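Dumped start12.cif below, it's mmCIF, C-alpha atoms:
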```
data_query
loop_
_atom_site.group_PDB
_atom_site.id
_atom_site.type_symbol
_atom_site.label_atom_id
_atom_site.label_comp_id
_atom_site.auth_asym_id
_atom_site.auth_seq_id
_atom_site.Cartn_x
_atom_site.Cartn_y
_atom_site.Cartn_z
ATOM 1 C CA MET A 27 18.709 -15.999 79.156
ATOM 2 C CA ILE A 28 17.471 -18.561 81.680
ATOM 3 C CA LYS A 29 21.017 -19.521 82.360
ATOM 4 C CA ARG A 30 22.633 -22.881 82.114
ATOM 5 C CA VAL A 31 23.792 -23.973 85.541
ATOM 6 C CA ALA A 32 26.959 -25.698 86.665
ATOM 7 C CA GLY A 33 26.636 -29.437 86.925
ATOM 8 C CA THR A 34 28.057 -29.300 90.442
ATOM 9 C CA LEU A 35 25.012 -27.547 91.905
ATOM 10 C CA LEU A 36 23.507 -29.748 94.609
ATOM 11 C CA ALA A 37 20.216 -31.426 93.830
ATOM 12 C CA ALA A 38 19.196 -30.388 97.350
ATOM 13 C CA LEU A 39 18.638 -26.892 95.953
ATOM 14 C CA SER A 40 15.521 -28.216 94.192
ATOM 15 C CA ILE A 41 12.522 -25.985 94.757
ATOM 16 C CA GLY A 42 10.226 -28.241 96.777
ATOM 17 C CA ALA A 43 6.545 -28.862 96.125
ATOM 18 C CA PHE A 44 5.042 -28.486 92.673
ATOM 19 C CA ALA A 45 2.637 -25.654 91.963
ATOM 20 C CA ALA A 46 -1.023 -26.663 91.842
ATOM 21 C CA ALA A 47 -2.498 -27.459 88.438
ATOM 22 C CA PRO A 48 -4.831 -24.859 86.943
ATOM 23 C CA ALA A 49 -8.539 -25.621 87.139
ATOM 24 C CA GLN A 50 -9.897 -27.708 84.273
ATOM 25 C CA ALA A 51 -6.351 -28.560 83.097
ATOM 26 C CA VAL A 52 -4.437 -31.809 82.908
ATOM 27 C CA GLN A 53 -1.468 -31.780 85.278
ATOM 28 C CA ALA A 54 1.729 -32.689 83.489
ATOM 29 C CA ASP A 55 4.165 -35.051 85.143
ATOM 30 C CA PHE A 56 7.805 -35.927 84.464
ATOM 31 C CA THR A 57 7.196 -38.744 81.998
ATOM 32 C CA GLY A 58 9.605 -38.270 79.087
ATOM 33 C CA ILE A 59 11.508 -35.515 80.878
ATOM 34 C CA VAL A 60 15.308 -35.575 81.127
ATOM 35 C CA ALA A 61 17.928 -33.691 83.111
ATOM 36 C CA LEU A 62 21.120 -32.505 81.447
ATOM 37 C CA SER A 63 24.271 -31.595 83.339
ATOM 38 C CA ASN A 64 23.413 -27.915 82.983
ATOM 39 C CA CYS A 65 19.841 -27.690 81.670
ATOM 40 C CA SER A 66 16.506 -29.421 81.233
ATOM 41 C CA GLY A 67 15.127 -31.327 78.250
ATOM 42 C CA SER A 68 12.682 -33.956 77.056
ATOM 43 C CA VAL A 69 12.431 -37.040 74.878
ATOM 44 C CA VAL A 70 10.258 -35.900 71.972
ATOM 45 C CA ARG A 71 8.836 -37.295 68.779
ATOM 46 C CA PRO A 72 7.307 -35.658 65.711
ATOM 47 C CA PRO A 73 3.862 -36.975 64.750
ATOM 48 C CA ALA A 74 5.244 -39.028 61.833
ATOM 49 C CA ALA A 75 7.960 -40.778 63.844
ATOM 50 C CA ARG A 76 7.902 -44.563 64.167
ATOM 51 C CA ASP A 77 8.526 -46.572 67.306
ATOM 52 C CA THR A 78 11.608 -48.040 65.617
ATOM 53 C CA ASP A 79 13.161 -44.603 64.947
ATOM 54 C CA PRO A 80 16.082 -43.438 67.089
ATOM 55 C CA ALA A 81 14.639 -41.205 69.807
ATOM 56 C CA LEU A 82 15.307 -37.470 70.019
ATOM 57 C CA VAL A 83 16.023 -35.275 73.055
ATOM 58 C CA MET A 84 15.105 -31.589 72.743
ATOM 59 C CA SER A 85 16.721 -28.759 74.693
ATOM 60 C CA ASN A 86 18.103 -25.261 73.938
ATOM 61 C CA GLY A 87 20.907 -24.319 71.595
ATOM 62 C CA HIS A 88 22.540 -22.429 74.463
ATOM 63 C CA CYS A 89 22.548 -25.662 76.489
ATOM 64 C CA VAL A 90 25.050 -26.980 73.915
ATOM 65 C CA LYS A 91 27.141 -23.800 74.159
ATOM 66 C CA PHE A 92 26.665 -20.084 73.672
ATOM 67 C CA MET A 93 26.550 -20.285 69.902
ATOM 68 C CA GLY A 94 27.306 -17.565 67.378
ATOM 69 C CA ALA A 95 24.388 -15.405 66.297
ATOM 70 C CA ASN A 96 24.261 -17.152 62.896
ATOM 71 C CA GLU A 97 25.694 -20.541 63.872
ATOM 72 C CA VAL A 98 23.933 -23.776 62.932
ATOM 73 C CA ILE A 99 25.158 -27.263 63.869
ATOM 74 C CA VAL A 100 23.908 -30.326 61.975
ATOM 75 C CA ASN A 101 24.835 -33.984 62.564
ATOM 76 C CA GLN A 102 27.778 -33.439 64.894
ATOM 77 C CA GLU A 103 29.033 -36.512 66.756
ATOM 78 C CA SER A 104 28.109 -36.477 70.452
ATOM 79 C CA THR A 105 28.132 -38.832 73.429
ATOM 80 C CA ARG A 106 26.235 -36.526 75.781
ATOM 81 C CA THR A 107 24.186 -38.254 78.466
ATOM 82 C CA PHE A 108 20.753 -37.482 79.917
ATOM 83 C CA THR A 109 19.041 -38.656 83.092
ATOM 84 C CA LEU A 110 15.559 -39.959 82.257
ATOM 85 C CA LEU A 111 12.855 -39.349 84.879
ATOM 86 C CA ASN A 112 9.671 -41.242 85.639
ATOM 87 C CA GLY A 113 6.312 -39.575 86.172
ATOM 88 C CA ALA A 114 7.122 -38.802 89.802
ATOM 89 C CA GLY A 115 10.454 -37.199 88.952
ATOM 90 C CA GLN A 116 12.614 -40.119 90.080
ATOM 91 C CA ASN A 117 15.657 -41.214 88.088
ATOM 92 C CA LEU A 118 14.996 -44.126 85.750
ATOM 93 C CA GLY A 119 18.358 -44.415 84.048
ATOM 94 C CA THR A 120 20.782 -42.815 81.624
ATOM 95 C CA LEU A 121 20.201 -42.129 77.936
ATOM 96 C CA ARG A 122 23.123 -41.432 75.595
ATOM 97 C CA ALA A 123 23.365 -39.492 72.357
ATOM 98 C CA THR A 124 25.078 -40.627 69.194
ATOM 99 C CA LYS A 125 24.999 -37.184 67.637
ATOM 100 C CA LEU A 126 23.818 -33.612 67.966
ATOM 101 C CA ALA A 127 21.308 -33.749 65.144
ATOM 102 C CA TYR A 128 20.547 -30.030 65.075
ATOM 103 C CA ALA A 129 21.290 -26.926 67.146
ATOM 104 C CA THR A 130 21.116 -23.185 66.635
ATOM 105 C CA MET A 131 20.571 -19.859 68.360
ATOM 106 C CA LYS A 132 19.671 -18.124 65.091
ATOM 107 C CA ASN A 133 15.962 -17.146 64.920
ATOM 108 C CA THR A 134 15.272 -19.713 67.638
ATOM 109 C CA ASP A 135 17.126 -21.388 70.525
ATOM 110 C CA VAL A 136 16.840 -25.151 70.171
ATOM 111 C CA SER A 137 18.851 -28.354 70.054
ATOM 112 C CA PHE A 138 18.009 -31.950 69.201
ATOM 113 C CA TYR A 139 20.180 -34.917 70.149
ATOM 114 C CA GLN A 140 19.696 -38.317 68.515
ATOM 115 C CA LEU A 141 19.916 -41.196 70.985
ATOM 116 C CA THR A 142 21.379 -44.688 70.792
ATOM 117 C CA GLN A 143 17.952 -46.154 71.628
ATOM 118 C CA THR A 144 14.696 -46.149 69.722
ATOM 119 C CA TYR A 145 11.371 -45.066 71.201
ATOM 120 C CA ALA A 146 10.368 -48.733 71.444
ATOM 121 C CA GLN A 147 13.563 -49.638 73.297
ATOM 122 C CA ILE A 148 13.099 -46.818 75.799
ATOM 123 C CA GLN A 149 9.508 -47.916 76.332
ATOM 124 C CA GLN A 150 10.556 -51.528 76.814
ATOM 125 C CA GLN A 151 13.460 -50.789 79.170
ATOM 126 C CA TYR A 152 12.006 -47.945 81.215
ATOM 127 C CA GLY A 153 8.260 -47.963 80.547
ATOM 128 C CA SER A 154 8.553 -44.343 79.417
ATOM 129 C CA ARG A 155 6.943 -42.623 76.452
ATOM 130 C CA ALA A 156 8.090 -39.588 74.480
ATOM 131 C CA LEU A 157 6.279 -36.262 74.343
ATOM 132 C CA GLU A 158 4.687 -35.381 71.010
ATOM 133 C CA LEU A 159 5.677 -32.186 69.203
ATOM 134 C CA THR A 160 2.759 -30.054 68.079
ATOM 135 C CA THR A 161 2.310 -28.904 64.499
ATOM 136 C CA THR A 162 -0.128 -26.152 65.534
ATOM 137 C CA ARG A 163 0.829 -22.669 66.671
ATOM 138 C CA PRO A 164 -0.395 -22.054 70.250
ATOM 139 C CA ALA A 165 -2.898 -19.288 70.963
ATOM 140 C CA ALA A 166 -2.767 -16.470 73.485
ATOM 141 C CA GLY A 167 -4.378 -17.513 76.749
ATOM 142 C CA THR A 168 -3.434 -21.190 76.380
ATOM 143 C CA ARG A 169 -2.695 -22.851 79.711
ATOM 144 C CA ILE A 170 0.803 -24.292 79.669
ATOM 145 C CA GLN A 171 3.233 -26.003 82.002
ATOM 146 C CA VAL A 172 7.018 -25.697 81.894
ATOM 147 C CA VAL A 173 8.485 -28.992 83.119
ATOM 148 C CA SER A 174 12.072 -28.818 84.355
ATOM 149 C CA GLY A 175 14.045 -32.041 84.582
ATOM 150 C CA TYR A 176 17.009 -30.295 86.191
ATOM 151 C CA TRP A 177 15.020 -28.967 89.144
ATOM 152 C CA LYS A 178 12.252 -31.591 89.001
ATOM 153 C CA ARG A 179 9.694 -28.836 89.172
ATOM 154 C CA ILE A 180 6.604 -27.953 87.151
ATOM 155 C CA TYR A 181 5.674 -24.318 86.522
ATOM 156 C CA ASN A 182 2.109 -23.313 85.658
ATOM 157 C CA CYS A 183 1.667 -20.462 83.174
ATOM 158 C CA ARG A 184 -0.504 -18.973 80.464
ATOM 159 C CA VAL A 185 0.560 -17.837 77.027
ATOM 160 C CA ASP A 186 0.423 -14.060 77.444
ATOM 161 C CA GLY A 187 1.280 -13.275 73.834
ATOM 162 C CA PHE A 188 4.034 -13.345 71.247
ATOM 163 C CA ALA A 189 7.122 -11.282 70.434
ATOM 164 C CA TYR A 190 7.666 -10.535 66.740
ATOM 165 C CA GLN A 191 11.367 -10.424 67.554
ATOM 166 C CA LEU A 192 13.054 -11.094 70.864
ATOM 167 C CA LYS A 193 16.547 -9.602 71.113
ATOM 168 C CA GLU A 194 19.048 -10.641 73.768
ATOM 169 C CA ASP A 195 22.654 -9.513 73.471
ATOM 170 C CA VAL A 196 23.837 -10.739 70.010
ATOM 171 C CA TRP A 197 20.895 -13.104 69.431
ATOM 172 C CA THR A 198 17.548 -12.433 67.773
ATOM 173 C CA TRP A 199 14.667 -14.918 68.029
ATOM 174 C CA ARG A 200 11.444 -14.733 66.066
ATOM 175 C CA ASP A 201 7.803 -15.252 67.076
ATOM 176 C CA SER A 202 8.734 -16.107 70.665
ATOM 177 C CA VAL A 203 6.089 -17.215 73.166
ATOM 178 C CA ARG A 204 5.687 -14.880 76.159
ATOM 179 C CA TYR A 205 4.407 -16.324 79.438
ATOM 180 C CA ALA A 206 2.314 -14.402 81.924
ATOM 181 C CA SER A 207 4.507 -12.955 84.700
ATOM 182 C CA GLN A 208 3.287 -14.615 87.882
ATOM 183 C CA SER A 209 4.690 -16.356 90.946
ATOM 184 C CA THR A 210 3.704 -19.834 89.720
ATOM 185 C CA CYS A 211 5.785 -19.341 86.557
ATOM 186 C CA ASN A 212 9.012 -18.053 88.070
ATOM 187 C CA THR A 213 11.427 -20.133 85.982
ATOM 188 C CA ILE A 214 15.086 -19.959 86.989
ATOM 189 C CA GLY A 215 18.550 -21.020 85.820
ATOM 190 C CA GLY A 216 18.508 -24.729 84.976
ATOM 191 C CA THR A 217 15.013 -24.606 83.480
ATOM 192 C CA SER A 218 16.535 -23.778 80.094
ATOM 193 C CA GLY A 219 15.464 -26.394 77.568
ATOM 194 C CA SER A 220 12.344 -27.448 79.460
ATOM 195 C CA PRO A 221 9.417 -28.445 77.250
ATOM 196 C CA VAL A 222 6.448 -26.092 77.330
ATOM 197 C CA ILE A 223 3.369 -28.313 77.335
ATOM 198 C CA ASP A 224 -0.182 -27.375 76.368
ATOM 199 C CA THR A 225 -2.218 -28.744 79.279
ATOM 200 C CA ALA A 226 -5.253 -29.401 77.061
ATOM 201 C CA SER A 227 -3.508 -31.522 74.421
ATOM 202 C CA GLY A 228 -0.455 -32.718 76.357
ATOM 203 C CA LYS A 229 1.715 -31.775 73.363
ATOM 204 C CA VAL A 230 4.915 -29.742 73.398
ATOM 205 C CA VAL A 231 4.278 -26.261 71.969
ATOM 206 C CA ALA A 232 7.570 -24.508 72.801
ATOM 207 C CA VAL A 233 10.960 -24.856 74.470
ATOM 208 C CA ASN A 234 11.661 -22.600 77.468
ATOM 209 C CA ASN A 235 14.723 -20.396 77.007
ATOM 210 C CA THR A 236 14.892 -16.947 78.583
ATOM 211 C CA ALA A 237 13.516 -14.258 80.892
ATOM 212 C CA ASN A 238 13.960 -10.546 81.458
ATOM 213 C CA GLU A 239 15.489 -10.707 84.915
ATOM 214 C CA SER A 240 16.092 -7.090 85.947
ATOM 215 C CA GLY A 241 14.535 -4.736 83.414
ATOM 216 C CA GLY A 242 17.589 -4.340 81.170
ATOM 217 C CA ARG A 243 17.120 -3.445 77.523
ATOM 218 C CA CYS A 244 18.173 -6.114 74.991
ATOM 219 C CA THR A 245 21.137 -7.295 77.101
ATOM 220 C CA LEU A 246 22.246 -10.712 78.353
ATOM 221 C CA ASN A 247 19.551 -12.118 80.668
ATOM 222 C CA ASN A 248 17.336 -9.139 79.795
ATOM 223 C CA PRO A 249 15.753 -9.679 76.373
ATOM 224 C CA CYS A 250 13.580 -6.995 74.814
ATOM 225 C CA GLU A 251 10.712 -7.301 72.371
ATOM 226 C CA VAL A 252 10.916 -5.603 68.977
ATOM 227 C CA SER A 253 7.710 -5.082 67.009
ATOM 228 C CA GLN A 254 7.382 -5.325 63.251
ATOM 229 C CA SER A 255 7.604 -1.517 63.125
ATOM 230 C CA GLY A 256 10.793 -1.512 65.220
ATOM 231 C CA GLN A 257 9.296 -0.402 68.545
ATOM 232 C CA VAL A 258 11.235 -1.807 71.522
ATOM 233 C CA THR A 259 9.389 -2.983 74.642
ATOM 234 C CA VAL A 260 10.959 -4.208 77.882
ATOM 235 C CA ARG A 261 8.813 -6.475 80.074
ATOM 236 C CA THR A 262 10.565 -6.968 83.394
ATOM 237 C CA GLY A 263 10.064 -10.420 84.892
ATOM 238 C CA TYR A 264 8.417 -11.982 81.866
ATOM 239 C CA LYS A 265 9.542 -15.414 80.642
ATOM 240 C CA TYR A 266 9.861 -16.644 77.073
ATOM 241 C CA GLY A 267 9.995 -19.813 75.027
ATOM 242 C CA GLN A 268 10.627 -20.608 71.388
ATOM 243 C CA GLN A 269 7.972 -22.013 69.046
ATOM 244 C CA ILE A 270 8.402 -25.589 67.801
ATOM 245 C CA TYR A 271 5.277 -26.170 65.660
ATOM 246 C CA ASN A 272 7.332 -25.620 62.486
ATOM 247 C CA ILE A 273 10.053 -28.136 63.411
ATOM 248 C CA PRO A 274 8.308 -31.469 62.602
ATOM 249 C CA ALA A 275 8.327 -30.438 58.911
ATOM 250 C CA CYS A 276 12.135 -30.546 59.091
ATOM 251 C CA ILE A 277 12.319 -34.118 60.428
ATOM 252 C CA GLY A 278 12.053 -36.903 57.883
ATOM 253 C CA ALA A 279 12.247 -40.693 57.800
ATOM 254 C CA GLY A 280 14.279 -42.226 60.582
ATOM 255 C CA ASN A 281 14.087 -38.945 62.540
ATOM 256 C CA GLN A 282 16.751 -37.436 60.298
ATOM 257 C CA PHE A 283 16.752 -33.655 59.908
ATOM 258 C CA ASN A 284 16.171 -32.440 56.346
ATOM 259 C CA LEU A 285 16.484 -28.662 56.302
ATOM 260 C CA THR A 286 15.499 -28.455 52.620
ATOM 261 C CA ALA A 287 12.208 -30.298 53.121
ATOM 262 C CA SER A 288 8.982 -28.576 52.103
ATOM 263 C CA GLY A 289 7.672 -26.420 54.939
ATOM 264 C CA CYS A 290 10.935 -26.461 56.904
ATOM 265 C CA THR A 291 11.840 -22.968 58.108
ATOM 266 C CA LEU A 292 14.720 -23.784 60.459
ATOM 267 C CA PRO A 293 17.945 -21.862 59.747
ATOM 268 C CA ARG A 294 20.572 -23.733 57.760
#
```

How would this structure read if it were set down as structure tokens?
Amino acid sequence: MIKRVAGTLLAALSIGAFAAAPAQAVQADFTGIVALSNCSGSVVRPPAARDTDPALVMSNGHCVKFMGANEVIVNQESTRTFTLLNGAGQNLGTLRATKLAYATMKNTDVSFYQLTQTYAQIQQQYGSRALELTTTRPAAGTRIQVVSGYWKRIYNCRVDGFAYQLKEDVWTWRDSVRYASQSTCNTIGGTSGSPVIDTASGKVVAVNNTANESGGRCTLNNPCEVSQSGQVTVRTGYKYGQQIYNIPACIGAGNQFNLTASGCTLPR
């Protein structure tokens, strides 16, 4: 797992200059990106959301806590805060949650916090927009960028492929996105929860969550891939994210989660 980090780590440990944007791609910036005390995240909106809806922040389930393998949290009161960044990665201000709208580490690793402010209010106060969630499954070879609010760094990657199942310790995630293993995509602790952005569309296609750090087989910080036939593959150094294209179907009017809605496949 791309570990959560202690909130006391010095910001001076940030990784310096951003990697260069791939040719023919749109360079993402930090607009809509937030930093958590231990992870990264982003202000996101499903395509059907209205400006007057309470805004959502997306991160990982394990950024809430290390949840049980079958645990699901829905509409739990929360006052968690997030530092909103501008396009250059500078602090704009603090956003606050009213509740943890949804979180799980079953089949996926994702969390959504509902904020006190609407999208329109955030735009008016900070001049910042939300990132749109895709409703289309990404394809292999897609150029992506992982944008970390914690480290204020952007990682350039490609979608290398997909894992039918990704097993890490007690958790199993399905249809995970695998990033090409390369120096420009060397995500580290604190990048958990970062949005994975398709550089062509600018939409969020996944949420960054783990990496095989040392070649271990299906252990903590060393996930393995399991094929539909049960074959286990270990890919040392590869990074992974969780698909989000199916999540907008679970978000109804007023940005409220409805896990029984048509097309919603999130665990409940």

Atom pair atom CA of A:Thr160 / atom CA of A:Asn117: separation (Å): 26.3 Å

Output of the PyMOL selection byres ((chain A and resi 91-103) around 9), listed as number ranges by chain: A: 87-90, 104-105, 123-133, 137, 139-140, 196-198, 283, 293-294

Atoms kept (C-alpha atoms) for selection, written as a compact mmCIF listing (two decimals), in the frame of the given file:
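Listed below is the output, selection36.txt:
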```txt
# COMPACT_ATOMS: atom_id res chain seq x y z
CA GLY A 87 20.91 -24.32 71.60
CA HIS A 88 22.54 -22.43 74.46
CA CYS A 89 22.55 -25.66 76.49
CA VAL A 90 25.05 -26.98 73.92
CA SER A 104 28.11 -36.48 70.45
CA THR A 105 28.13 -38.83 73.43
CA ALA A 123 23.36 -39.49 72.36
CA THR A 124 25.08 -40.63 69.19
CA LYS A 125 25.00 -37.18 67.64
CA LEU A 126 23.82 -33.61 67.97
CA ALA A 127 21.31 -33.75 65.14
CA TYR A 128 20.55 -30.03 65.08
CA ALA A 129 21.29 -26.93 67.15
CA THR A 130 21.12 -23.18 66.64
CA MET A 131 20.57 -19.86 68.36
CA LYS A 132 19.67 -18.12 65.09
CA ASN A 133 15.96 -17.15 64.92
CA SER A 137 18.85 -28.35 70.05
CA TYR A 139 20.18 -34.92 70.15
CA GLN A 140 19.70 -38.32 68.52
CA VAL A 196 23.84 -10.74 70.01
CA TRP A 197 20.90 -13.10 69.43
CA THR A 198 17.55 -12.43 67.77
CA PHE A 283 16.75 -33.66 59.91
CA PRO A 293 17.94 -21.86 59.75
CA ARG A 294 20.57 -23.73 57.76
```

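For the choices A:Asn182, A:Thr262, A:Thr225, A:Ser255, the atom-to-atom distance to A:Gly242 is smallest for A:Thr262 when using only C-alpha atoms.
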
What would the list of residues within 12 Å of (2.1, -14.4, 91.6) (file frame) look like as a short mmCIF file (atom, residue, chain, number, x, y, z; two decimals) with C-alpha atoms, in the frame of the given file, if only C-alpha atoms are what count?
```
data_model
loop_
_atom_site.label_atom_id
_atom_site.label_comp_id
_atom_site.auth_asym_id
_atom_site.auth_seq_id
_atom_site.Cartn_x
_atom_site.Cartn_y
_atom_site.Cartn_z
CA ALA A 45 2.64 -25.65 91.96
CA TYR A 181 5.67 -24.32 86.52
CA ASN A 182 2.11 -23.31 85.66
CA CYS A 183 1.67 -20.46 83.17
CA ALA A 206 2.31 -14.40 81.92
CA SER A 207 4.51 -12.96 84.70
CA GLN A 208 3.29 -14.62 87.88
CA SER A 209 4.69 -16.36 90.95
CA THR A 210 3.70 -19.83 89.72
CA CYS A 211 5.78 -19.34 86.56
CA ASN A 212 9.01 -18.05 88.07
CA GLY A 263 10.06 -10.42 84.89
CA TYR A 264 8.42 -11.98 81.87
#
```

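Each of A:Met84, A:Val231, A:Ala189, A:Ala75 was compared to A:Leu141 using all atoms listed in the file, and A:Met84 turns out to be the nearest.
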
Hey, which of A:Gly289, A:Gly113, A:Gly267, A:Gly119 ends up closest to A:Arg179? Count only C-alpha atoms. A:Gly113

Name all residues at most 9 Å from A:Ala165 (count only C-alpha atoms; drop same-chain ones fewer than 6 positions away) and give them as a PyMOL selection string. chain A and resi 185-187

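The residues returned by the PyMOL selection byres ((chain A and resi 240) around 12) for this structure are Met27, Ala237, Asn238, Glu239, Gly241, Gly242, Arg243, Cys244, Thr245, Leu246, Asn247, Asn248, Pro249, Cys250, Val260, Arg261, Thr262, Gly263, Tyr264 and Lys265 of chain A.
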
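Note that the spacing between atom CA of A:Ala226 and atom CA of A:Gln171 amounts to 10.4 Å.
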
Residues near A:Ile273, cut-off 9 Å, only C-alpha atoms, skip fewer than 3 positions along chain, as an NGL selection string: :A and (72 or 159-161 or 269-270 or 276-277 or 289-292)

Resulting file, chosen residues, C-alpha atoms, as a tab-separated table (two decimals), keeping the file's coordinate frame:
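Result saved to selection.tsv:
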```
chain	number	residue	atom	x	y	z
A	72	PRO	CA	7.31	-35.66	65.71
A	159	LEU	CA	5.68	-32.19	69.20
A	160	THR	CA	2.76	-30.05	68.08
A	161	THR	CA	2.31	-28.90	64.50
A	269	GLN	CA	7.97	-22.01	69.05
A	270	ILE	CA	8.40	-25.59	67.80
A	276	CYS	CA	12.14	-30.55	59.09
A	277	ILE	CA	12.32	-34.12	60.43
A	289	GLY	CA	7.67	-26.42	54.94
A	290	CYS	CA	10.94	-26.46	56.90
A	291	THR	CA	11.84	-22.97	58.11
A	292	LEU	CA	14.72	-23.78	60.46
```

Work out how far apart atom CA of A:Thr236 and atom CA of A:Gln116 are and give it in Å to one decimal. 26.0 Å

How would stretch 63-78 of chain A look with N, CA, C and O atoms restored, written as a tab-separated table (two decimals), in the frame of the given file?
```tsv
chain	number	residue	atom	x	y	z
A	63	SER	N	23.33	-32.03	82.32
A	63	SER	CA	24.27	-31.60	83.34
A	63	SER	C	24.09	-30.13	83.69
A	63	SER	O	24.43	-29.70	84.79
A	64	ASN	N	23.52	-29.35	82.77
A	64	ASN	CA	23.41	-27.92	82.98
A	64	ASN	C	22.05	-27.34	82.63
A	64	ASN	O	21.83	-26.14	82.74
A	65	CYS	N	21.12	-28.16	82.19
A	65	CYS	CA	19.84	-27.69	81.67
A	65	CYS	C	18.77	-28.76	81.84
A	65	CYS	O	19.01	-29.82	82.43
A	66	SER	N	17.62	-28.48	81.28
A	66	SER	CA	16.51	-29.42	81.23
A	66	SER	C	16.25	-29.83	79.78
A	66	SER	O	16.76	-29.20	78.85
A	67	GLY	N	15.45	-30.88	79.59
A	67	GLY	CA	15.13	-31.33	78.25
A	67	GLY	C	14.03	-32.36	78.28
A	67	GLY	O	13.45	-32.66	79.34
A	68	SER	N	13.74	-32.95	77.13
A	68	SER	CA	12.68	-33.96	77.06
A	68	SER	C	12.91	-34.87	75.86
A	68	SER	O	13.49	-34.46	74.85
A	69	VAL	N	12.45	-36.11	76.00
A	69	VAL	CA	12.43	-37.04	74.88
A	69	VAL	C	11.19	-36.71	74.07
A	69	VAL	O	10.07	-36.72	74.59
A	70	VAL	N	11.38	-36.37	72.80
A	70	VAL	CA	10.26	-35.90	71.97
A	70	VAL	C	10.18	-36.69	70.67
A	70	VAL	O	11.17	-37.27	70.23
A	71	ARG	N	9.00	-36.65	70.09
A	71	ARG	CA	8.84	-37.30	68.78
A	71	ARG	C	7.89	-36.46	67.92
A	71	ARG	O	6.86	-35.98	68.40
A	72	PRO	N	8.24	-36.29	66.64
A	72	PRO	CA	7.31	-35.66	65.71
A	72	PRO	C	6.17	-36.61	65.43
A	72	PRO	O	6.30	-37.83	65.60
A	73	PRO	N	5.03	-36.12	64.97
A	73	PRO	CA	3.86	-36.98	64.75
A	73	PRO	C	4.12	-38.14	63.80
A	73	PRO	O	3.51	-39.21	63.95
A	74	ALA	N	5.01	-37.98	62.83
A	74	ALA	CA	5.24	-39.03	61.83
A	74	ALA	C	6.30	-40.05	62.25
A	74	ALA	O	6.55	-41.01	61.53
A	75	ALA	N	6.90	-39.86	63.41
A	75	ALA	CA	7.96	-40.78	63.84
A	75	ALA	C	7.41	-42.18	64.11
A	75	ALA	O	6.26	-42.34	64.51
A	76	ARG	N	8.26	-43.18	63.89
A	76	ARG	CA	7.90	-44.56	64.17
A	76	ARG	C	8.55	-45.02	65.47
A	76	ARG	O	9.56	-44.47	65.90
A	77	ASP	N	7.97	-46.03	66.06
A	77	ASP	CA	8.53	-46.57	67.31
A	77	ASP	C	9.95	-47.07	67.11
A	77	ASP	O	10.75	-47.08	68.06
A	78	THR	N	10.28	-47.49	65.90
A	78	THR	CA	11.61	-48.04	65.62
A	78	THR	C	12.63	-46.97	65.25
A	78	THR	O	13.80	-47.29	65.00
```
